[in-house]
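These notes concern the structure reproduced below.
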Amino acid sequence: MKICVLPGDGIGPEIMAEAVRVLKELGLAFEMEEALLGGCAVDATGDPYPEATQKLAQAADAVLLGAVGGPKWDNNPREQRPERGLLGIRKQLGLFANLRPAILYPELANASTLKPEVVAGLDILIVRELTGDIYFGQPRGIEVRNGERFGFNTMHYTESEIRRILRVAFEAARKRSRKVCSVDKMNVLECTQLWRDVAIETGREYPDVELSHMLVDNAAMQLVKNPRQFDVMVTGNLFGDILSDEASMLTGSIGMLPSASLDANNKGLYEPCHGSAPDIAGKGVANPLATILSVAMMLRYTFANDAAARRIEDAVKKVLAQGLRTGDIYEPGMKQVGTREMGDAVLAAL
Ligand code: IPM
Ligand code: MG
């Protein structure tokens, strides 16, 4: 197992340190090498995804990422922004399938802003297409046209891009409750009319899975109205970006949610769904659980070691049951801990 570790910016290094300790504790044989991605890479080399990192990431079986970005780099030219590094590694490694589970741990039912009875038992998997759509579409830019500034981007999908992500969703649904909801905006956007057509065609290959369709605005509403109607949701890059943030908050804290971004051969990049949280960086208070759970996803998807993944997930459940909480999921009566203490507790539970 060759793992490329990219701690990144902000709270990235702190949470990654705990995730790496957890991984080492499992006693599996792996090689691990660290490299720079994001703002730290811009500072060191002028490039958010430098050559050396590219080599390491391409040679690895899996990449573990903390988080990238921060106000320090927000005014840089676009090619020197941390986000460019993240989009670059996703595209270069062909990581088209982004899996973002939103699971509500019973212990955290009160951390959600929704009523506990609405979110109890919530278990949604958002499958987001990650290497296409308006994120990468050309032409794009800001130009002066007819004497005023004009901004433009291009949304596009090929049918093969749509089909392969739909298949990921259907396969995932087969291991769950066999329901896929495909989200589009076919009433307005041709690109997503094609999305719907291809979703229907692909659905015929999976007669055992129930396929439904929803317009993205309605999906955003249904997610807060009745989130438990969903099992697997599949959608494009832009809609998936937005809906996955929304879904994560149903669970109380985005600080709890891991993600996997996979290519066609289960090589993957694993990262927490949250960002670099510059406001709390360096304070030792960030929640490391999403990154620790990302290690579990890595073991499951890239290394096909379900038992090791479960060990980590069970250890996380155990520390939650013990009442340990970082600030983002704290409730009165619980024990507030920092990043390191939370890591210690997971190690002890392991
Ligand atoms: C995410 C993030 C990224 C995205 C940003 C940081 C480029 O929001 O992973 O959801 O938009 O994909
Ligand atoms: Mg996002």
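A note on labels: chains of the structure tokens are A, B, ... as shown, every chain counts residues from 1, and ligands are counted from 1 in their shown order.
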
**Message:** Considering only strand (DSSP E or B) as DSSP defines it on the backbone, what residues of stretch 62-201 of chain A qualify? List them as a ChimeraX atom specification.
**Reply:** /A:62-67,97-103,123-129,141-145,148-152,179-184

May I have the residues from that selection written out with N, CA and C atoms, as a compact mmCIF listing (two decimals), in the first residue's frame?
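See selection26.txt below for the written result:
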# COMPACT_ATOMS: atom_id res chain seq x y z
N ALA A 62 -3.18 5.42 -3.12
CA ALA A 62 -4.21 6.28 -2.52
C ALA A 62 -3.57 7.57 -2.04
N VAL A 63 -4.37 8.61 -2.02
CA VAL A 63 -3.92 9.91 -1.53
C VAL A 63 -4.81 10.30 -0.36
N LEU A 64 -4.17 10.71 0.74
CA LEU A 64 -4.92 11.21 1.89
C LEU A 64 -4.70 12.71 1.95
N LEU A 65 -5.79 13.45 1.96
CA LEU A 65 -5.69 14.91 1.91
C LEU A 65 -6.36 15.53 3.14
N GLY A 66 -5.70 16.55 3.70
CA GLY A 66 -6.31 17.29 4.82
C GLY A 66 -7.30 18.30 4.26
N ALA A 67 -6.84 19.50 3.98
CA ALA A 67 -7.71 20.53 3.40
C ALA A 67 -6.81 21.59 2.79
N ALA A 97 -15.43 10.01 -9.57
CA ALA A 97 -16.55 9.60 -8.70
C ALA A 97 -16.31 10.04 -7.26
N ASN A 98 -17.06 11.02 -6.84
CA ASN A 98 -16.91 11.55 -5.49
C ASN A 98 -18.05 11.01 -4.61
N LEU A 99 -17.69 10.25 -3.60
CA LEU A 99 -18.69 9.68 -2.70
C LEU A 99 -18.70 10.45 -1.40
N ARG A 100 -19.83 11.03 -1.08
CA ARG A 100 -19.94 11.81 0.16
C ARG A 100 -21.11 11.29 0.99
N PRO A 101 -20.81 10.44 1.94
CA PRO A 101 -21.88 9.93 2.79
C PRO A 101 -22.29 10.97 3.83
N ALA A 102 -23.58 11.09 4.06
CA ALA A 102 -24.08 11.93 5.17
C ALA A 102 -24.81 11.00 6.11
N ILE A 103 -24.12 10.67 7.19
CA ILE A 103 -24.68 9.72 8.15
C ILE A 103 -24.86 10.43 9.48
N ASP A 123 -29.11 8.37 6.54
CA ASP A 123 -27.96 7.71 5.91
C ASP A 123 -28.09 7.89 4.40
N ILE A 124 -27.49 8.98 3.92
CA ILE A 124 -27.56 9.32 2.49
C ILE A 124 -26.16 9.19 1.90
N LEU A 125 -26.10 8.73 0.68
CA LEU A 125 -24.82 8.75 -0.03
C LEU A 125 -24.96 9.66 -1.24
N ILE A 126 -24.21 10.75 -1.24
CA ILE A 126 -24.20 11.62 -2.41
C ILE A 126 -23.07 11.19 -3.32
N VAL A 127 -23.43 10.89 -4.57
CA VAL A 127 -22.43 10.53 -5.58
C VAL A 127 -22.34 11.72 -6.53
N ARG A 128 -21.23 12.40 -6.46
CA ARG A 128 -21.03 13.64 -7.23
C ARG A 128 -20.00 13.41 -8.33
N GLU A 129 -20.37 13.77 -9.55
CA GLU A 129 -19.40 13.69 -10.65
C GLU A 129 -18.34 14.77 -10.38
N GLY A 141 -14.11 32.53 -18.71
CA GLY A 141 -13.28 33.70 -18.50
C GLY A 141 -14.06 34.95 -18.15
N ILE A 142 -13.31 36.02 -18.01
CA ILE A 142 -13.89 37.35 -17.84
C ILE A 142 -13.23 38.22 -18.91
N GLU A 143 -14.05 38.84 -19.75
CA GLU A 143 -13.54 39.65 -20.86
C GLU A 143 -14.32 40.94 -20.94
N VAL A 144 -13.76 41.88 -21.67
CA VAL A 144 -14.56 43.08 -21.95
C VAL A 144 -15.23 42.87 -23.31
N ARG A 145 -16.56 42.96 -23.30
CA ARG A 145 -17.31 42.85 -24.55
C ARG A 145 -18.30 44.00 -24.62
N GLU A 148 -18.28 46.51 -21.74
CA GLU A 148 -18.46 46.16 -20.32
C GLU A 148 -17.88 44.79 -20.04
N ARG A 149 -17.64 44.51 -18.76
CA ARG A 149 -17.05 43.22 -18.43
C ARG A 149 -18.09 42.12 -18.57
N PHE A 150 -17.64 40.99 -19.03
CA PHE A 150 -18.53 39.88 -19.37
C PHE A 150 -17.91 38.61 -18.80
N GLY A 151 -18.63 37.92 -17.93
CA GLY A 151 -18.11 36.69 -17.32
C GLY A 151 -18.84 35.49 -17.90
N PHE A 152 -18.13 34.40 -18.17
CA PHE A 152 -18.80 33.25 -18.78
C PHE A 152 -18.12 31.94 -18.42
N LYS A 179 -32.04 2.34 -4.03
CA LYS A 179 -32.78 3.51 -4.52
C LYS A 179 -31.80 4.56 -4.97
N VAL A 180 -31.97 5.05 -6.20
CA VAL A 180 -31.12 6.13 -6.70
C VAL A 180 -32.02 7.30 -7.10
N CYS A 181 -31.67 8.49 -6.61
CA CYS A 181 -32.35 9.70 -7.07
C CYS A 181 -31.33 10.51 -7.87
N SER A 182 -31.63 10.72 -9.15
CA SER A 182 -30.74 11.49 -10.01
C SER A 182 -31.23 12.94 -10.05
N VAL A 183 -30.31 13.86 -9.82
CA VAL A 183 -30.69 15.27 -9.68
C VAL A 183 -30.19 16.06 -10.89
N ASP A 184 -31.10 16.84 -11.49
CA ASP A 184 -30.73 17.64 -12.66
C ASP A 184 -31.52 18.94 -12.70

Counting only C-alpha atoms, what is within 12 Å of A:Glu205, bar same-chain residues fewer than 3 positions away, as a compact mmCIF listing (two decimals) with N, CA, C and O atoms, in the first residue's frame?
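The resulting file, result-v9.txt, is shown below:
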# COMPACT_ATOMS: atom_id res chain seq x y z
N ARG A 163 -22.83 8.35 -18.02
CA ARG A 163 -23.10 6.93 -17.82
C ARG A 163 -22.20 6.33 -16.73
O ARG A 163 -22.65 5.60 -15.87
N LEU A 166 -23.32 7.42 -13.27
CA LEU A 166 -24.59 6.77 -12.93
C LEU A 166 -24.35 5.32 -12.52
O LEU A 166 -24.96 4.82 -11.57
N ARG A 167 -23.44 4.66 -13.20
CA ARG A 167 -23.14 3.26 -12.87
C ARG A 167 -22.57 3.14 -11.47
O ARG A 167 -22.90 2.22 -10.72
N PHE A 170 -25.54 3.39 -9.19
CA PHE A 170 -26.35 2.17 -9.17
C PHE A 170 -25.65 1.04 -8.42
O PHE A 170 -26.27 0.31 -7.65
N GLU A 171 -24.34 0.90 -8.66
CA GLU A 171 -23.59 -0.16 -7.96
C GLU A 171 -23.62 0.08 -6.45
O GLU A 171 -23.79 -0.84 -5.66
N VAL A 198 -29.69 10.00 -20.21
CA VAL A 198 -28.70 8.95 -20.01
C VAL A 198 -28.96 8.20 -18.69
O VAL A 198 -28.76 6.99 -18.59
N ALA A 199 -29.44 8.94 -17.69
CA ALA A 199 -29.78 8.29 -16.42
C ALA A 199 -30.86 7.23 -16.64
O ALA A 199 -30.78 6.11 -16.13
N ILE A 200 -31.89 7.59 -17.43
CA ILE A 200 -32.99 6.65 -17.70
C ILE A 200 -32.46 5.43 -18.46
O ILE A 200 -32.76 4.28 -18.11
N GLU A 201 -31.61 5.68 -19.48
CA GLU A 201 -31.04 4.57 -20.25
C GLU A 201 -30.21 3.65 -19.35
O GLU A 201 -30.33 2.42 -19.41
N THR A 202 -29.36 4.27 -18.52
CA THR A 202 -28.48 3.48 -17.65
C THR A 202 -29.30 2.70 -16.63
O THR A 202 -28.96 1.57 -16.27
N ASP A 208 -33.19 -3.86 -10.83
CA ASP A 208 -33.39 -4.13 -9.41
C ASP A 208 -33.25 -2.88 -8.55
O ASP A 208 -33.46 -2.92 -7.35
N VAL A 209 -32.86 -1.76 -9.17
CA VAL A 209 -32.69 -0.51 -8.41
C VAL A 209 -33.78 0.47 -8.84
O VAL A 209 -34.03 0.65 -10.04
N GLU A 210 -34.42 1.11 -7.87
CA GLU A 210 -35.48 2.07 -8.18
C GLU A 210 -34.85 3.42 -8.49
O GLU A 210 -34.13 3.98 -7.67
N LEU A 211 -35.14 3.92 -9.69
CA LEU A 211 -34.57 5.20 -10.11
C LEU A 211 -35.63 6.28 -10.09
O LEU A 211 -36.72 6.10 -10.63

**Message:** At a cut-off of 7 Å and counting only C-alpha atoms and all ligand atoms, what residues surround ligand 1? Please answer as a list in words.
**Reply:** Glu83, Leu86, Leu87, Asp241 and Cys273 of chain A

Could those selected residues go to a file with C-alpha atoms, as a compact mmCIF listing (two decimals), in the first residue's frame?
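Result file is result-v7.txt:
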# COMPACT_ATOMS: atom_id res chain seq x y z
CA GLU A 83 -8.30 25.37 -5.02
CA LEU A 86 -7.27 20.44 -5.64
CA LEU A 87 -9.07 20.62 -8.99
CA ASP A 241 -20.87 20.55 -4.56
CA CYS A 273 -15.76 17.21 3.36

**Message:** as an MDAnalysis selection string, please: every residue in stretch 207-318 of chain A that a backbone DSSP assignment puts in helix (DSSP H, G or I).
**Reply:** chainID A and resid 216:225 227:229 237:250 254:256 278:280 289:301 306:318

**Request:** For atom CA of A:Cys40 and atom CA of A:Arg78, quote the distance in Å rounded to one decimal.
**Result:**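 According to the coordinates, atom CA of A:Cys40 and atom CA of A:Arg78 are separated by 15.4 Å.
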
**Request:** Using only C-alpha atoms and all ligand atoms, find each protein or nucleic acid residue lying at most 9 Å from ligand 2; present the set as a PyMOL selection string.
**Result:** chain A and resi 238+240-245+273-275

Output the selection as a compact mmCIF listing (two decimals), in the first residue's frame - N, CA and C atoms for each residue.
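Result went into part-v6.txt, see below:
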# COMPACT_ATOMS: atom_id res chain seq x y z
N LEU A 238 -21.28 20.59 -10.14
CA LEU A 238 -21.71 21.83 -9.48
C LEU A 238 -22.86 21.58 -8.50
N GLY A 240 -23.65 18.84 -7.15
CA GLY A 240 -23.15 17.96 -6.09
C GLY A 240 -22.34 18.70 -5.05
N ASP A 241 -21.62 19.71 -5.50
CA ASP A 241 -20.87 20.55 -4.56
C ASP A 241 -21.83 21.17 -3.56
N ILE A 242 -22.91 21.72 -4.07
CA ILE A 242 -23.85 22.46 -3.22
C ILE A 242 -24.67 21.50 -2.35
N LEU A 243 -25.23 20.47 -2.97
CA LEU A 243 -26.09 19.56 -2.22
C LEU A 243 -25.31 18.79 -1.15
N SER A 244 -24.03 18.50 -1.42
CA SER A 244 -23.29 17.73 -0.41
C SER A 244 -22.98 18.59 0.82
N ASP A 245 -22.78 19.88 0.63
CA ASP A 245 -22.63 20.74 1.82
C ASP A 245 -23.94 20.78 2.60
N CYS A 273 -14.92 16.31 4.18
CA CYS A 273 -15.76 17.21 3.36
C CYS A 273 -15.56 18.67 3.75
N HIS A 274 -15.09 18.91 4.97
CA HIS A 274 -14.95 20.30 5.41
C HIS A 274 -13.71 20.93 4.80
N GLY A 275 -13.57 22.23 4.99
CA GLY A 275 -12.44 22.95 4.44
C GLY A 275 -11.32 23.13 5.45

Name the residues in contact with A:Gly327 at a cut-off of 7 Å, using only C-alpha atoms, excluding same-chain residues fewer than 3 positions from it; report them as an mmCIF file with N, CA, C and O atoms, in the first residue's frame.
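Output below, filename around18.cif:
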data_model
loop_
_atom_site.group_PDB
_atom_site.id
_atom_site.type_symbol
_atom_site.label_atom_id
_atom_site.label_comp_id
_atom_site.auth_asym_id
_atom_site.auth_seq_id
_atom_site.Cartn_x
_atom_site.Cartn_y
_atom_site.Cartn_z
ATOM 1 N N VAL A 285 -7.984 22.712 18.128
ATOM 2 C CA VAL A 285 -9.383 22.461 18.517
ATOM 3 C C VAL A 285 -10.203 21.810 17.395
ATOM 4 O O VAL A 285 -11.362 21.456 17.597
ATOM 5 N N TYR A 330 -20.059 20.096 20.120
ATOM 6 C CA TYR A 330 -20.231 20.131 21.570
ATOM 7 C C TYR A 330 -21.678 20.410 21.988
ATOM 8 O O TYR A 330 -22.371 21.210 21.375
ATOM 9 N N GLN A 336 -15.702 18.401 26.457
ATOM 10 C CA GLN A 336 -15.075 19.065 25.303
ATOM 11 C C GLN A 336 -13.583 18.749 25.247
ATOM 12 O O GLN A 336 -12.875 18.879 26.243
#

Any chance you could tabulate, as CSV, the residues of stretch 244-282 of chain A at most 9 Å from stretch 9-25 of chain A with each one's nearest atom pair and distance in Å to one decimal, using only C-alpha atoms, in chain and rising number order?
residue,atom,partner,partner_atom,distance
A:Gly275,CA,A:Ile11,CA,8.4
A:Ser276,CA,A:Gly10,CA,4.7
A:Ala277,CA,A:Gly10,CA,6.0
A:Pro278,CA,A:Gly10,CA,4.9
A:Asp279,CA,A:Gly10,CA,8.2
A:Ile280,CA,A:Ile11,CA,7.1
A:Ala281,CA,A:Ile11,CA,4.5
A:Gly282,CA,A:Ile11,CA,6.4

**Request:** For A:Ile3, work out the shell of residues within 9 Å, counting only C-alpha atoms and skipping chain neighbours fewer than 3 positions away, then give it as a PyMOL selection string.
**Result:** chain A and resi 30-34+56-57+59-64

Restricting it to C-alpha atoms, dump the selection as an mmCIF file, in the first residue's frame.
data_model
loop_
_atom_site.group_PDB
_atom_site.id
_atom_site.type_symbol
_atom_site.label_atom_id
_atom_site.label_comp_id
_atom_site.auth_asym_id
_atom_site.auth_seq_id
_atom_site.Cartn_x
_atom_site.Cartn_y
_atom_site.Cartn_z
ATOM 1 C CA PHE A 30 2.233 0.496 4.036
ATOM 2 C CA GLU A 31 4.582 3.106 2.658
ATOM 3 C CA MET A 32 3.695 6.685 3.340
ATOM 4 C CA GLU A 33 5.172 9.835 1.874
ATOM 5 C CA GLU A 34 4.179 13.420 2.487
ATOM 6 C CA LEU A 56 4.149 11.048 -5.735
ATOM 7 C CA ALA A 57 0.359 11.190 -6.196
ATOM 8 C CA ALA A 59 2.727 6.640 -8.126
ATOM 9 C CA ALA A 60 0.573 6.105 -5.012
ATOM 10 C CA ASP A 61 -2.389 3.731 -4.632
ATOM 11 C CA ALA A 62 -4.206 6.280 -2.524
ATOM 12 C CA VAL A 63 -3.921 9.911 -1.533
ATOM 13 C CA LEU A 64 -4.918 11.211 1.895
#

**Message:** Please determine, counting only C-alpha atoms, which residue among A:Ala349, A:Leu93, A:Val319, A:Ala290 has the shortest atom-to-atom distance to A:Pro258.
**Reply:**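 Comparing A:Ala349, A:Leu93, A:Val319, A:Ala290 against A:Pro258, the winner is A:Ala290.
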
**A:Arg84 surroundings by only C-alpha atoms, 9 Å radius, close-in-sequence under 4 positions cut, as an MDAnalysis selection string** = chainID A and resid 38 48:49 78:80 88:89

**Between atom CA of A:Phe96 and atom CA of A:Ala308 - distance in Å to one decimal** =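 A separation of 25.2 Å between them.
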
**Request:** Tell me, in Å to one decimal, how far atom CA of A:Lys317 is from atom CA of A:Asn226.
**Result:** 25.0 Å

**Request:** Would you list the contacts of A:Asn265 as a list in words, taking every protein, DNA or RNA residue within 12 Å and counting only C-alpha atoms, but skipping same-chain residues closer than 2 positions in sequence?
**Result:**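 Listed by chain and then number, they are Asp61, Ala62, Leu93, Gly94, Leu95, Phe96, Ala97, Val168, Ser261, Leu262, Asp263, Lys267, Gly268, Tyr301, Thr302, Phe303 and Ala304 of chain A.
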